[in-house]
Amino acid sequence: MGRFPTSGVAEVGVARYDYRCGNCGVYEVECPVGNAEPERTCPRCLGSARRLFSTGVLISGSGPVAAAMDTDRRSAHEPAVVHAPPPDPLRGRSRPAHPLHAKLPRP
C-alpha cells in the first residue's frame, strides 16, 4: 500500500513509474500517485524489478489538463490546419451591444 491515504479523495491522479528488470529491461507501470512499490514482479519473466527514479508524468482523467494533453497528442501526428483567421466578433456591428453604451463619449 502507498504512503498517502486516498480514501475520501474525489479524484486521485495517476502517474507512470519506470521499473528495470535485470532480464527484460525497462517497463512502465501506471498507478495512483504515491502508491508505487520500490520493487515489483516483472510481468514478462516474473523476476524482480526495481523502480527507477526519473521525471514524473502525471495522467489526469478529466478537466482542462486532460483536454490539453489530448490536443497535444493529436497534434503531434495530425496537426490542425488553419485555412483562415477566426472571424472578428466586432466586425459588422453598427451600434453598441448595450443601449447605454451609445451614450458614452467617443474617442
# chains A, B, ... in the order shown; residues from 1 in each chain; ligands from 1
$ residues_around --residues "A:Ala49" --least-positions-apart "3" --cutoff "9 Å" --atoms "only C-alpha atoms" --output "PyMOL selection string"
chain A and resi 19-22+25-26+38-42+46
$ write_last_selection --atoms "C-alpha atoms" --output "CSV table (one decimal), in the first residue's frame"
chain,number,residue,atom,x,y,z
A,19,TYR,CA,10.9,-0.2,-13.4
A,20,ARG,CA,14.0,-2.1,-14.6
A,21,CYS,CA,14.1,-5.9,-14.7
A,22,GLY,CA,17.5,-7.5,-14.9
A,25,GLY,CA,14.9,-4.2,-19.3
A,26,VAL,CA,12.8,-1.1,-18.5
A,38,PRO,CA,10.1,0.1,-4.7
A,39,GLU,CA,10.2,-3.4,-6.2
A,40,ARG,CA,7.7,-5.2,-8.4
A,41,THR,CA,7.4,-8.5,-10.2
A,42,CYS,CA,8.3,-8.3,-13.9
A,46,LEU,CA,8.2,-12.8,-13.2
$ atom_distance --atom1 "atom CA of A:Arg51" --atom2 "atom CA of A:Pro32"
14.9 Å
$ select_by_dssp --residues "stretch 18-63 of chain A" --states "strand (DSSP E)" --output "ChimeraX atom specification"
/A:18-21,25-32,39-41,48-59
$ select_by_dssp --residues "stretch 9-90 of chain A" --states "alpha helix (DSSP H)" --output "ChimeraX atom specification"
/A:64-77
$ write_last_selection --atoms "N, CA, C and O atoms" --output "PDB file, in the first residue's frame"
ATOM      1  N   PRO A  64      -9.448  20.466 -17.798  1.00  0.00           N
ATOM      2  CA  PRO A  64      -8.707  21.182 -18.832  1.00  0.00           C
ATOM      3  C   PRO A  64      -7.320  20.603 -19.093  1.00  0.00           C
ATOM      4  O   PRO A  64      -6.827  20.646 -20.215  1.00  0.00           O
ATOM      5  N   VAL A  65      -6.689  20.034 -18.074  1.00  0.00           N
ATOM      6  CA  VAL A  65      -5.363  19.443 -18.279  1.00  0.00           C
ATOM      7  C   VAL A  65      -5.462  18.241 -19.211  1.00  0.00           C
ATOM      8  O   VAL A  65      -4.662  18.075 -20.132  1.00  0.00           O
ATOM      9  N   ALA A  66      -6.474  17.415 -19.006  1.00  0.00           N
ATOM     10  CA  ALA A  66      -6.669  16.251 -19.879  1.00  0.00           C
ATOM     11  C   ALA A  66      -6.981  16.686 -21.303  1.00  0.00           C
ATOM     12  O   ALA A  66      -6.481  16.098 -22.259  1.00  0.00           O
ATOM     13  N   ALA A  67      -7.795  17.739 -21.458  1.00  0.00           N
ATOM     14  CA  ALA A  67      -8.122  18.239 -22.801  1.00  0.00           C
ATOM     15  C   ALA A  67      -6.865  18.747 -23.498  1.00  0.00           C
ATOM     16  O   ALA A  67      -6.655  18.487 -24.685  1.00  0.00           O
ATOM     17  N   ALA A  68      -6.024  19.473 -22.764  1.00  0.00           N
ATOM     18  CA  ALA A  68      -4.775  19.973 -23.354  1.00  0.00           C
ATOM     19  C   ALA A  68      -3.840  18.828 -23.728  1.00  0.00           C
ATOM     20  O   ALA A  68      -3.197  18.861 -24.781  1.00  0.00           O
ATOM     21  N   MET A  69      -3.767  17.803 -22.884  1.00  0.00           N
ATOM     22  CA  MET A  69      -2.916  16.652 -23.190  1.00  0.00           C
ATOM     23  C   MET A  69      -3.432  15.904 -24.415  1.00  0.00           C
ATOM     24  O   MET A  69      -2.649  15.479 -25.262  1.00  0.00           O
ATOM     25  N   ASP A  70      -4.765  15.760 -24.537  1.00  0.00           N
ATOM     26  CA  ASP A  70      -5.339  15.100 -25.710  1.00  0.00           C
ATOM     27  C   ASP A  70      -5.052  15.888 -26.977  1.00  0.00           C
ATOM     28  O   ASP A  70      -4.696  15.318 -28.008  1.00  0.00           O
ATOM     29  N   THR A  71      -5.207  17.203 -26.906  1.00  0.00           N
ATOM     30  CA  THR A  71      -4.912  18.052 -28.066  1.00  0.00           C
ATOM     31  C   THR A  71      -3.450  17.941 -28.449  1.00  0.00           C
ATOM     32  O   THR A  71      -3.111  17.860 -29.633  1.00  0.00           O
ATOM     33  N   ASP A  72      -2.577  17.923 -27.458  1.00  0.00           N
ATOM     34  CA  ASP A  72      -1.141  17.802 -27.720  1.00  0.00           C
ATOM     35  C   ASP A  72      -0.816  16.480 -28.401  1.00  0.00           C
ATOM     36  O   ASP A  72      -0.057  16.437 -29.365  1.00  0.00           O
ATOM     37  N   ARG A  73      -1.401  15.391 -27.922  1.00  0.00           N
ATOM     38  CA  ARG A  73      -1.156  14.080 -28.528  1.00  0.00           C
ATOM     39  C   ARG A  73      -1.661  14.023 -29.967  1.00  0.00           C
ATOM     40  O   ARG A  73      -0.992  13.507 -30.849  1.00  0.00           O
ATOM     41  N   ARG A  74      -2.879  14.562 -30.199  1.00  0.00           N
ATOM     42  CA  ARG A  74      -3.439  14.552 -31.551  1.00  0.00           C
ATOM     43  C   ARG A  74      -2.605  15.404 -32.497  1.00  0.00           C
ATOM     44  O   ARG A  74      -2.359  15.018 -33.642  1.00  0.00           O
ATOM     45  N   SER A  75      -2.164  16.573 -32.053  1.00  0.00           N
ATOM     46  CA  SER A  75      -1.444  17.478 -32.941  1.00  0.00           C
ATOM     47  C   SER A  75      -0.038  16.975 -33.256  1.00  0.00           C
ATOM     48  O   SER A  75       0.574  17.426 -34.220  1.00  0.00           O
ATOM     49  N   ALA A  76       0.493  16.047 -32.476  1.00  0.00           N
ATOM     50  CA  ALA A  76       1.820  15.507 -32.763  1.00  0.00           C
ATOM     51  C   ALA A  76       1.815  14.704 -34.057  1.00  0.00           C
ATOM     52  O   ALA A  76       2.800  14.699 -34.792  1.00  0.00           O
ATOM     53  N   HIS A  77       0.697  14.048 -34.362  1.00  0.00           N
ATOM     54  CA  HIS A  77       0.623  13.210 -35.548  1.00  0.00           C
ATOM     55  C   HIS A  77      -0.209  13.834 -36.670  1.00  0.00           C
ATOM     56  O   HIS A  77       0.076  13.644 -37.834  1.00  0.00           O
TER      57      HIS A  77
END
$ residues_around --residues "stretch 28-31 of chain A" --least-positions-apart "5" --cutoff "8 Å" --atoms "only C-alpha atoms" --output "VMD selection string"
chain A and resid 14 to 19 36
$ write_last_selection --atoms "C-alpha atoms" --output "PDB file, in the first residue's frame"
ATOM      1  CA  VAL A  14      -2.327   8.613 -11.865  1.00  0.00           C
ATOM      2  CA  ALA A  15       1.397   8.569 -12.544  1.00  0.00           C
ATOM      3  CA  ARG A  16       3.712   6.481 -14.705  1.00  0.00           C
ATOM      4  CA  TYR A  17       6.599   4.781 -12.966  1.00  0.00           C
ATOM      5  CA  ASP A  18       9.573   3.105 -14.642  1.00  0.00           C
ATOM      6  CA  TYR A  19      10.885  -0.240 -13.423  1.00  0.00           C
ATOM      7  CA  ALA A  36       4.435   2.902  -6.416  1.00  0.00           C
TER       8      ALA A  36
END
$ atom_distance --atom1 "atom CA of A:Tyr27" --atom2 "atom CA of A:Ser54"
12.8 Å
$ atom_distance --atom1 "atom CA of A:Val33" --atom2 "atom CA of A:Cys45"
25.8 Å
$ closest_residue --among "A:Gly13, A:Phe53, A:Asp88, A:Asn23" --to "A:Asn35" --atoms "only C-alpha atoms"
A:Gly13
